[in-house]
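Dumped upload_36.pdb below, it's PDB, C-alpha atoms, pLDDT in the B column:
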ATOM      1  CA  MET A 393      24.312-130.966 -15.049  1.00 52.00           C
ATOM      2  CA  ALA A 394      25.173-128.703 -12.081  1.00 50.00           C
ATOM      3  CA  PRO A 395      26.102-125.072 -12.668  1.00 53.00           C
ATOM      4  CA  PRO A 396      29.788-124.304 -12.419  1.00 54.00           C
ATOM      5  CA  CYS A 397      30.961-122.815  -9.126  1.00 50.00           C
ATOM      6  CA  VAL A 398      32.345-119.313  -9.209  1.00 48.00           C
ATOM      7  CA  ARG A 399      35.332-118.839  -7.027  1.00 53.00           C
ATOM      8  CA  VAL A 400      35.533-115.475  -5.299  1.00 47.00           C
ATOM      9  CA  PRO A 401      38.959-114.512  -4.091  1.00 53.00           C
ATOM     10  CA  GLU A 402      39.097-114.533  -0.326  1.00 57.00           C
ATOM     11  CA  GLN A 403      40.512-110.989  -0.196  1.00 57.00           C
ATOM     12  CA  SER A 404      37.533-109.594  -2.181  1.00 58.00           C
ATOM     13  CA  LEU A 405      35.052-111.364   0.071  1.00 55.00           C
ATOM     14  CA  PHE A 406      36.846-110.059   3.140  1.00 57.00           C
ATOM     15  CA  LEU A 407      36.861-106.456   1.787  1.00 54.00           C
ATOM     16  CA  PHE A 408      33.177-106.715   0.832  1.00 60.00           C
ATOM     17  CA  THR A 409      32.308-107.871   4.349  1.00 61.00           C
ATOM     18  CA  ILE A 410      34.327-105.081   5.988  1.00 58.00           C
ATOM     19  CA  ILE A 411      32.779-102.385   3.770  1.00 62.00           C
ATOM     20  CA  THR A 412      29.264-103.698   4.349  1.00 62.00           C
ATOM     21  CA  LEU A 413      29.747-103.830   8.104  1.00 54.00           C
ATOM     22  CA  SER A 414      31.233-100.339   8.248  1.00 56.00           C
ATOM     23  CA  LEU A 415      28.359 -98.893   6.188  1.00 55.00           C
ATOM     24  CA  CYS A 416      25.797-100.580   8.438  1.00 51.00           C
ATOM     25  CA  TRP A 417      27.640 -99.373  11.524  1.00 48.00           C
ATOM     26  CA  ASN A 418      27.758 -95.755  10.211  1.00 48.00           C
ATOM     27  CA  LEU A 419      24.103 -95.755   9.198  1.00 47.00           C
ATOM     28  CA  GLN A 420      22.978 -97.244  12.507  1.00 47.00           C
ATOM     29  CA  GLY A 421      25.200 -94.894  14.513  1.00 44.00           C
ATOM     30  CA  SER A 422      24.039 -91.783  12.657  1.00 42.00           C
ATOM     31  CA  ARG A 423      20.399 -92.827  12.980  1.00 46.00           C
ATOM     32  CA  ILE A 424      20.723 -93.308  16.712  1.00 42.00           C
ATOM     33  CA  SER A 425      22.706 -90.122  17.323  1.00 44.00           C
ATOM     34  CA  ASP A 426      20.297 -88.024  15.220  1.00 43.00           C
ATOM     35  CA  LEU A 427      17.313 -89.286  17.162  1.00 46.00           C
ATOM     36  CA  ASP A 428      18.891 -89.075  20.615  1.00 75.00           C
ATOM     37  CA  SER A 429      17.478 -85.605  21.252  1.00 88.00           C
ATOM     38  CA  CYS A 430      13.816 -84.813  20.655  1.00 89.00           C
ATOM     39  CA  GLU A 431      14.835 -81.490  19.090  1.00 88.00           C
ATOM     40  CA  ASN A 432      16.627 -83.381  16.275  1.00 89.00           C
ATOM     41  CA  LEU A 433      13.512 -85.219  15.059  1.00 90.00           C
ATOM     42  CA  HIS A 434      12.865 -85.085  11.335  1.00 89.00           C
ATOM     43  CA  LEU A 435       9.834 -83.482   9.692  1.00 87.00           C
ATOM     44  CA  GLY A 436       6.857 -85.787  10.025  1.00 88.00           C
ATOM     45  CA  GLN A 437       8.048 -87.140  13.357  1.00 90.00           C
ATOM     46  CA  TYR A 438       6.567 -84.242  15.327  1.00 92.00           C
ATOM     47  CA  LEU A 439       3.759 -81.664  15.151  1.00 93.00           C
ATOM     48  CA  CYS A 440       4.172 -78.127  16.474  1.00 93.00           C
ATOM     49  CA  LEU A 441       1.093 -76.445  17.891  1.00 93.00           C
ATOM     50  CA  ASP A 442      -0.121 -73.067  16.611  1.00 92.00           C
ATOM     51  CA  PRO A 443       0.963 -70.181  18.841  1.00 93.00           C
ATOM     52  CA  GLU A 444      -1.455 -68.105  20.913  1.00 93.00           C
ATOM     53  CA  ILE A 445      -2.149 -64.980  18.826  1.00 93.00           C
ATOM     54  CA  ASN A 446      -2.510 -61.525  20.383  1.00 93.00           C
ATOM     55  CA  ASP A 447      -5.708 -59.911  19.018  1.00 92.00           C
ATOM     56  CA  ALA A 448      -4.242 -56.399  18.987  1.00 92.00           C
ATOM     57  CA  THR A 449      -0.910 -57.131  17.275  1.00 91.00           C
ATOM     58  CA  GLN A 450      -1.814 -60.324  15.381  1.00 93.00           C
ATOM     59  CA  GLU A 451       1.553 -61.743  16.462  1.00 94.00           C
ATOM     60  CA  PRO A 452       2.333 -64.617  18.882  1.00 94.00           C
ATOM     61  CA  GLU A 453       1.778 -63.717  22.540  1.00 91.00           C
ATOM     62  CA  ALA A 454       5.328 -64.485  23.653  1.00 86.00           C
ATOM     63  CA  CYS A 455       7.091 -62.604  20.841  1.00 91.00           C
ATOM     64  CA  LYS A 456      10.402 -61.256  22.110  1.00 91.00           C
ATOM     65  CA  ASP A 457      13.373 -60.141  20.000  1.00 91.00           C
ATOM     66  CA  LEU A 458      11.544 -61.244  16.811  1.00 91.00           C
ATOM     67  CA  VAL A 459      11.310 -64.850  18.090  1.00 94.00           C
ATOM     68  CA  ALA A 460       8.435 -66.761  19.694  1.00 94.00           C
ATOM     69  CA  TRP A 461       8.393 -70.335  21.047  1.00 94.00           C
ATOM     70  CA  VAL A 462       5.782 -73.008  20.324  1.00 94.00           C
ATOM     71  CA  GLN A 463       5.275 -76.438  21.853  1.00 94.00           C
ATOM     72  CA  CYS A 464       5.896 -79.517  19.692  1.00 94.00           C
ATOM     73  CA  LYS A 465       4.503 -83.030  20.186  1.00 93.00           C
ATOM     74  CA  PRO A 466       6.447 -86.026  18.836  1.00 93.00           C
ATOM     75  CA  ALA A 467       4.402 -88.539  16.829  1.00 92.00           C
ATOM     76  CA  PRO A 468       3.037 -91.704  18.486  1.00 92.00           C
ATOM     77  CA  ASN A 469       5.598 -94.453  19.168  1.00 90.00           C
ATOM     78  CA  VAL A 470       8.574 -92.111  18.685  1.00 90.00           C
ATOM     79  CA  THR A 471      11.271 -92.562  21.312  1.00 90.00           C
ATOM     80  CA  CYS A 472      13.735 -89.761  21.950  1.00 90.00           C
ATOM     81  CA  GLN A 473      15.692 -88.097  24.707  1.00 90.00           C
ATOM     82  CA  LEU A 474      14.120 -85.175  26.586  1.00 89.00           C
ATOM     83  CA  ALA A 475      16.031 -82.058  27.647  1.00 85.00           C
ATOM     84  CA  ASN A 476      16.554 -83.512  31.140  1.00 87.00           C
ATOM     85  CA  GLY A 477      18.312 -86.579  29.649  1.00 85.00           C
ATOM     86  CA  THR A 478      15.597 -89.236  30.047  1.00 88.00           C
ATOM     87  CA  ARG A 479      14.450 -91.319  27.101  1.00 90.00           C
ATOM     88  CA  PHE A 480      10.690 -91.354  26.603  1.00 90.00           C
ATOM     89  CA  LYS A 481       8.314 -93.140  24.238  1.00 91.00           C
ATOM     90  CA  PHE A 482       5.579 -90.713  23.175  1.00 92.00           C
ATOM     91  CA  SER A 483       1.918 -91.490  22.586  1.00 91.00           C
ATOM     92  CA  GLY A 484       1.321 -88.340  20.500  1.00 89.00           C
ATOM     93  CA  GLU A 485      -0.280 -86.300  23.288  1.00 91.00           C
ATOM     94  CA  GLU A 486       2.789 -85.242  25.299  1.00 92.00           C
ATOM     95  CA  VAL A 487       4.861 -82.136  24.597  1.00 91.00           C
ATOM     96  CA  GLY A 488       8.429 -83.153  23.835  1.00 90.00           C
ATOM     97  CA  PHE A 489      10.222 -79.872  23.134  1.00 92.00           C
ATOM     98  CA  ASN A 490       9.812 -76.221  22.168  1.00 93.00           C
ATOM     99  CA  ARG A 491      10.747 -74.798  18.766  1.00 93.00           C
ATOM    100  CA  SER A 492      11.339 -71.156  17.829  1.00 93.00           C
ATOM    101  CA  ILE A 493       9.331 -69.400  15.125  1.00 92.00           C
ATOM    102  CA  PRO A 494       9.937 -65.910  13.724  1.00 91.00           C
ATOM    103  CA  CYS A 495       7.618 -63.052  14.605  1.00 92.00           C
ATOM    104  CA  ARG A 496       7.467 -59.430  13.507  1.00 91.00           C
ATOM    105  CA  ASN A 497       7.929 -56.057  15.179  1.00 91.00           C
ATOM    106  CA  VAL A 498       4.583 -54.193  15.077  1.00 93.00           C
ATOM    107  CA  ARG A 499       3.766 -50.846  16.669  1.00 91.00           C
ATOM    108  CA  GLY A 500       0.128 -50.069  15.848  1.00 91.00           C
ATOM    109  CA  TYR A 501       0.078 -49.327  12.105  1.00 96.00           C
ATOM    110  CA  SER A 502      -2.685 -51.341  10.449  1.00 95.00           C
ATOM    111  CA  TYR A 503      -2.211 -52.554   6.893  1.00 95.00           C
ATOM    112  CA  LYS A 504      -5.941 -52.340   6.164  1.00 95.00           C
ATOM    113  CA  VAL A 505      -6.147 -48.719   7.360  1.00 96.00           C
ATOM    114  CA  ALA A 506      -3.073 -47.711   5.346  1.00 97.00           C
ATOM    115  CA  VAL A 507      -4.468 -49.249   2.136  1.00 96.00           C
ATOM    116  CA  ALA A 508      -7.909 -47.692   2.673  1.00 97.00           C
ATOM    117  CA  LEU A 509      -6.427 -44.241   3.323  1.00 97.00           C
ATOM    118  CA  SER A 510      -4.215 -44.557   0.257  1.00 96.00           C
ATOM    119  CA  LEU A 511      -7.124 -45.630  -1.939  1.00 96.00           C
ATOM    120  CA  PHE A 512      -9.692 -43.047  -0.842  1.00 96.00           C
ATOM    121  CA  LEU A 513      -7.700 -40.130   0.613  1.00 96.00           C
ATOM    122  CA  GLY A 514      -4.295 -40.625  -0.969  1.00 95.00           C
ATOM    123  CA  TRP A 515      -4.700 -37.516  -3.090  1.00 95.00           C
ATOM    124  CA  LEU A 516      -4.825 -35.520   0.188  1.00 95.00           C
ATOM    125  CA  GLY A 517      -1.727 -37.247   1.584  1.00 95.00           C
ATOM    126  CA  ALA A 518      -3.638 -38.950   4.425  1.00 97.00           C
ATOM    127  CA  ASP A 519      -1.768 -42.230   3.858  1.00 97.00           C
ATOM    128  CA  ARG A 520       1.638 -40.569   4.281  1.00 96.00           C
ATOM    129  CA  PHE A 521       0.490 -38.652   7.368  1.00 97.00           C
ATOM    130  CA  TYR A 522      -0.794 -41.921   8.881  1.00 97.00           C
ATOM    131  CA  LEU A 523       2.472 -43.762   8.209  1.00 97.00           C
ATOM    132  CA  GLY A 524       4.555 -40.967   9.771  1.00 96.00           C
ATOM    133  CA  TYR A 525       5.821 -39.083   6.709  1.00 97.00           C
ATOM    134  CA  PRO A 526       4.428 -35.563   7.324  1.00 97.00           C
ATOM    135  CA  ALA A 527       6.614 -33.807   4.720  1.00 96.00           C
ATOM    136  CA  LEU A 528       5.487 -36.125   1.912  1.00 95.00           C
ATOM    137  CA  GLY A 529       1.903 -35.909   3.167  1.00 96.00           C
ATOM    138  CA  LEU A 530       1.991 -32.121   3.001  1.00 96.00           C
ATOM    139  CA  LEU A 531       3.568 -32.222  -0.457  1.00 96.00           C
ATOM    140  CA  LYS A 532       0.855 -34.592  -1.706  1.00 96.00           C
ATOM    141  CA  PHE A 533      -1.824 -32.375  -0.143  1.00 96.00           C
ATOM    142  CA  CYS A 534      -0.483 -29.206  -1.857  1.00 96.00           C
ATOM    143  CA  THR A 535      -0.101 -30.883  -5.271  1.00 95.00           C
ATOM    144  CA  VAL A 536      -3.332 -32.925  -5.068  1.00 94.00           C
ATOM    145  CA  GLY A 537      -1.420 -36.176  -4.992  1.00 93.00           C
ATOM    146  CA  PHE A 538       1.109 -35.069  -7.624  1.00 93.00           C
ATOM    147  CA  CYS A 539      -1.820 -34.624 -10.033  1.00 93.00           C
ATOM    148  CA  GLY A 540      -3.084 -38.126  -9.243  1.00 92.00           C
ATOM    149  CA  ILE A 541       0.024 -39.943 -10.429  1.00 94.00           C
ATOM    150  CA  GLY A 542       1.686 -39.884  -6.994  1.00 93.00           C
ATOM    151  CA  SER A 543      -1.501 -41.194  -5.384  1.00 95.00           C
ATOM    152  CA  LEU A 544      -1.571 -44.155  -7.758  1.00 96.00           C
ATOM    153  CA  VAL A 545       2.115 -44.924  -7.207  1.00 96.00           C
ATOM    154  CA  ASP A 546       1.750 -44.644  -3.419  1.00 96.00           C
ATOM    155  CA  PHE A 547      -1.300 -46.931  -3.480  1.00 97.00           C
ATOM    156  CA  MET A 548       0.668 -49.620  -5.310  1.00 96.00           C
ATOM    157  CA  LEU A 549       3.696 -49.253  -3.002  1.00 95.00           C
ATOM    158  CA  ILE A 550       1.575 -49.461   0.146  1.00 96.00           C
ATOM    159  CA  ALA A 551      -0.548 -52.343  -1.183  1.00 94.00           C
ATOM    160  CA  MET A 552       2.616 -54.340  -1.989  1.00 92.00           C
ATOM    161  CA  GLN A 553       3.985 -53.469   1.495  1.00 92.00           C
ATOM    162  CA  ILE A 554       7.078 -51.832   0.015  1.00 92.00           C
ATOM    163  CA  VAL A 555       6.352 -48.580   1.842  1.00 94.00           C
ATOM    164  CA  GLY A 556       5.815 -49.183   5.541  1.00 94.00           C
ATOM    165  CA  PRO A 557       5.666 -47.126   8.722  1.00 96.00           C
ATOM    166  CA  SER A 558       8.402 -44.537   9.143  1.00 95.00           C
ATOM    167  CA  ASP A 559       9.636 -46.037  12.432  1.00 94.00           C
ATOM    168  CA  GLY A 560      10.757 -49.228  10.641  1.00 91.00           C
ATOM    169  CA  SER A 561       8.120 -51.453  12.219  1.00 92.00           C
ATOM    170  CA  ASP A 562       5.869 -53.831  10.312  1.00 93.00           C
ATOM    171  CA  TYR A 563       2.186 -53.467   9.550  1.00 94.00           C
ATOM    172  CA  ILE A 564      -0.399 -55.215  11.699  1.00 93.00           C
ATOM    173  CA  VAL A 565      -1.641 -57.896   9.322  1.00 93.00           C
ATOM    174  CA  ASP A 566      -3.917 -60.802  10.251  1.00 91.00           C
ATOM    175  CA  TYR A 567      -1.756 -63.751  11.346  1.00 88.00           C
ATOM    176  CA  TYR A 568      -3.073 -65.860   8.475  1.00 86.00           C
ATOM    177  CA  GLY A 569      -3.562 -62.802   6.250  1.00 85.00           C
ATOM    178  CA  ALA A 570      -1.813 -61.128   3.330  1.00 81.00           C
ATOM    179  CA  ARG A 571       1.732 -60.939   4.673  1.00 83.00           C
ATOM    180  CA  LEU A 572       4.454 -60.414   2.122  1.00 82.00           C
ATOM    181  CA  VAL A 573       8.088 -61.384   2.531  1.00 78.00           C
ATOM    182  CA  HIS A 574      10.606 -59.405   0.538  1.00 74.00           C
ATOM    183  CA  LEU A 575      13.438 -61.479  -0.851  1.00 77.00           C
ATOM    184  CA  SER A 576      16.805 -59.810  -1.103  1.00 78.00           C
ATOM    185  CA  ILE A 577      20.314 -60.787  -2.062  1.00 81.00           C
ATOM    186  CA  THR A 578      22.880 -60.296   0.692  1.00 82.00           C
ATOM    187  CA  ASN A 579      26.379 -61.551   1.368  1.00 81.00           C
ATOM    188  CA  GLU A 580      24.865 -64.663   3.000  1.00 76.00           C
ATOM    189  CA  THR A 581      22.802 -65.536  -0.096  1.00 78.00           C
ATOM    190  CA  TYR A 582      23.947 -68.694  -1.851  1.00 76.00           C
ATOM    191  CA  ARG A 583      25.000 -67.997  -5.410  1.00 74.00           C
ATOM    192  CA  ARG A 584      25.706 -70.667  -7.981  1.00 75.00           C
ATOM    193  CA  THR A 585      28.974 -70.304  -9.829  1.00 79.00           C
ATOM    194  CA  GLN A 586      28.615 -69.105 -13.392  1.00 76.00           C
ATOM    195  CA  LEU A 587      29.710 -71.527 -16.059  1.00 77.00           C
ATOM    196  CA  SER A 588      31.917 -70.057 -18.741  1.00 75.00           C
ATOM    197  CA  LEU A 589      31.093 -71.097 -22.261  1.00 68.00           C
TER     198      LEU A 589
END
Final structure tokens representation of the file:
Amino acid sequence: MAPPCVRVPEQSLFLFTIITLSLCWNLQGSRISDLDSCENLHLGQYLCLDPEINDATQEPEACKDLVAWVQCKPAPNVTCQLANGTRFKFSGEEVGFNRSIPCRNVRGYSYKVAVALSLFLGWLGADRFYLGYPALGLLKFCTVGFCGIGSLVDFMLIAMQIVGPSDGSDYIVDYYGARLVHLSITNETYRRTQLSL
């Protein structure tokens, strides 16, 4: 005995076909437009090279206005459009585009020196003199580091990089070293709406 045939209304079949075609068209169009430019490649489709590091500042060589540029190589067999408008299929060895990375403003204050001065000579105020706070350094010198308590507090603040140089610059820290990033809440911070119970 043959299974019964199911009749699908012609309008439903037509709507299903239109919806399927439009979804395929949108997906194909977005995939092509996203990959037109090499700069729009997704993670895993390219590899950015490490920047050249300046030995004195431990920051990228071409750091300007807190931004440095590194070269990126698209993965093998990736085809995308270069900045000059030509489409190119990469073998994994060619540079396809440049990407910006953040860098820091340093002016000669070493993190290691600041921590060592705070640990060993903090009770004399040497750490505050080094960082450019002469009034606090003199006050720590006259009070023997606020009887030791101020030296301990300053050591923790300098070690956690909360207290930095007085000119507003950053410490010189090894490029792959103990850099800390302070998180703060600003007007641009995304905040989830509170649910009322």
Inset, instruction - List the residues matched by the PyMOL selection byres ((chain A and resi 500-503) around 7) in the displayed structure as a PyMOL selection string, ordered by chain and then by residue number. - result: chain A and resi 498-499+504-507+557+563-565
Legend entry - Selection: 9 Å around range 477-486 of chain A, all atoms listed in the file, excl. self and same-chain fewer than 5 positions, as a list in words: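 Skipping anything fewer than 5 positions along the chain leaves Asp428, Ser429, Tyr438, Leu439, Cys464, Lys465, Pro466, Ala467, Pro468, Asn469, Val470, Thr471 and Cys472 of chain A.
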Inset, instruction - Kindly extract all protein, DNA and RNA residues lying within 12 Å of the coordinates (6.1, -48.5, 2.3) given in the file, considering only C-alpha atoms, and supply them as a ChimeraX atom specification. - result: /A:501,503,506-507,510,519-520,522-525,545-563,574
Inset, instruction - Just give me the gap between CA of Leu544 in chain A and CA of Ala518 in chain A in Å, one decimal is fine. - result: 13.4 Å
Counting all atoms listed in the file, find residues at most 7 Å from (8.1, -66.3, 13.1) (file frame) and give them as a short mmCIF file (atom, residue, chain, number, x, y, z; two decimals) with C-alpha atoms, in the frame of the given file.
data_model
loop_
_atom_site.label_atom_id
_atom_site.label_comp_id
_atom_site.auth_asym_id
_atom_site.auth_seq_id
_atom_site.Cartn_x
_atom_site.Cartn_y
_atom_site.Cartn_z
CA VAL A 459 11.31 -64.85 18.09
CA ALA A 460 8.44 -66.76 19.69
CA ILE A 493 9.33 -69.40 15.12
CA PRO A 494 9.94 -65.91 13.72
CA CYS A 495 7.62 -63.05 14.60
CA ARG A 496 7.47 -59.43 13.51
#
Might you pull out every residue within 6 Å of range 450-456 of chain A, with only C-alpha atoms counted and same-chain residues fewer than 5 positions away left off, and present them as a tab-separated table (two decimals) with C-alpha atoms, keeping the file's coordinate frame?
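New file part-v6.tsv:
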chain	number	residue	atom	x	y	z
A	443	PRO	CA	0.96	-70.18	18.84
A	444	GLU	CA	-1.46	-68.10	20.91
A	445	ILE	CA	-2.15	-64.98	18.83
A	566	ASP	CA	-3.92	-60.80	10.25
A	567	TYR	CA	-1.76	-63.75	11.35
Inset, instruction - Can you turn the PyMOL selection byres ((chain A and resi 529) around 12) into a concrete residue list for this file, as a ChimeraX atom specification? - result: /A:509-510,513-528,530-538,542-543,546
Legend entry - Two-atom distance - CA of Cys539 in chain A, CA of Ala508 in chain A (Å):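 Separation of CA of Cys539 in chain A and CA of Ala508 in chain A: 19.2 Å.
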Inset, instruction - Work out how far apart CA of Leu433 in chain A and CA of Asn446 in chain A are and give it in Å to one decimal. - result: 29.1 Å
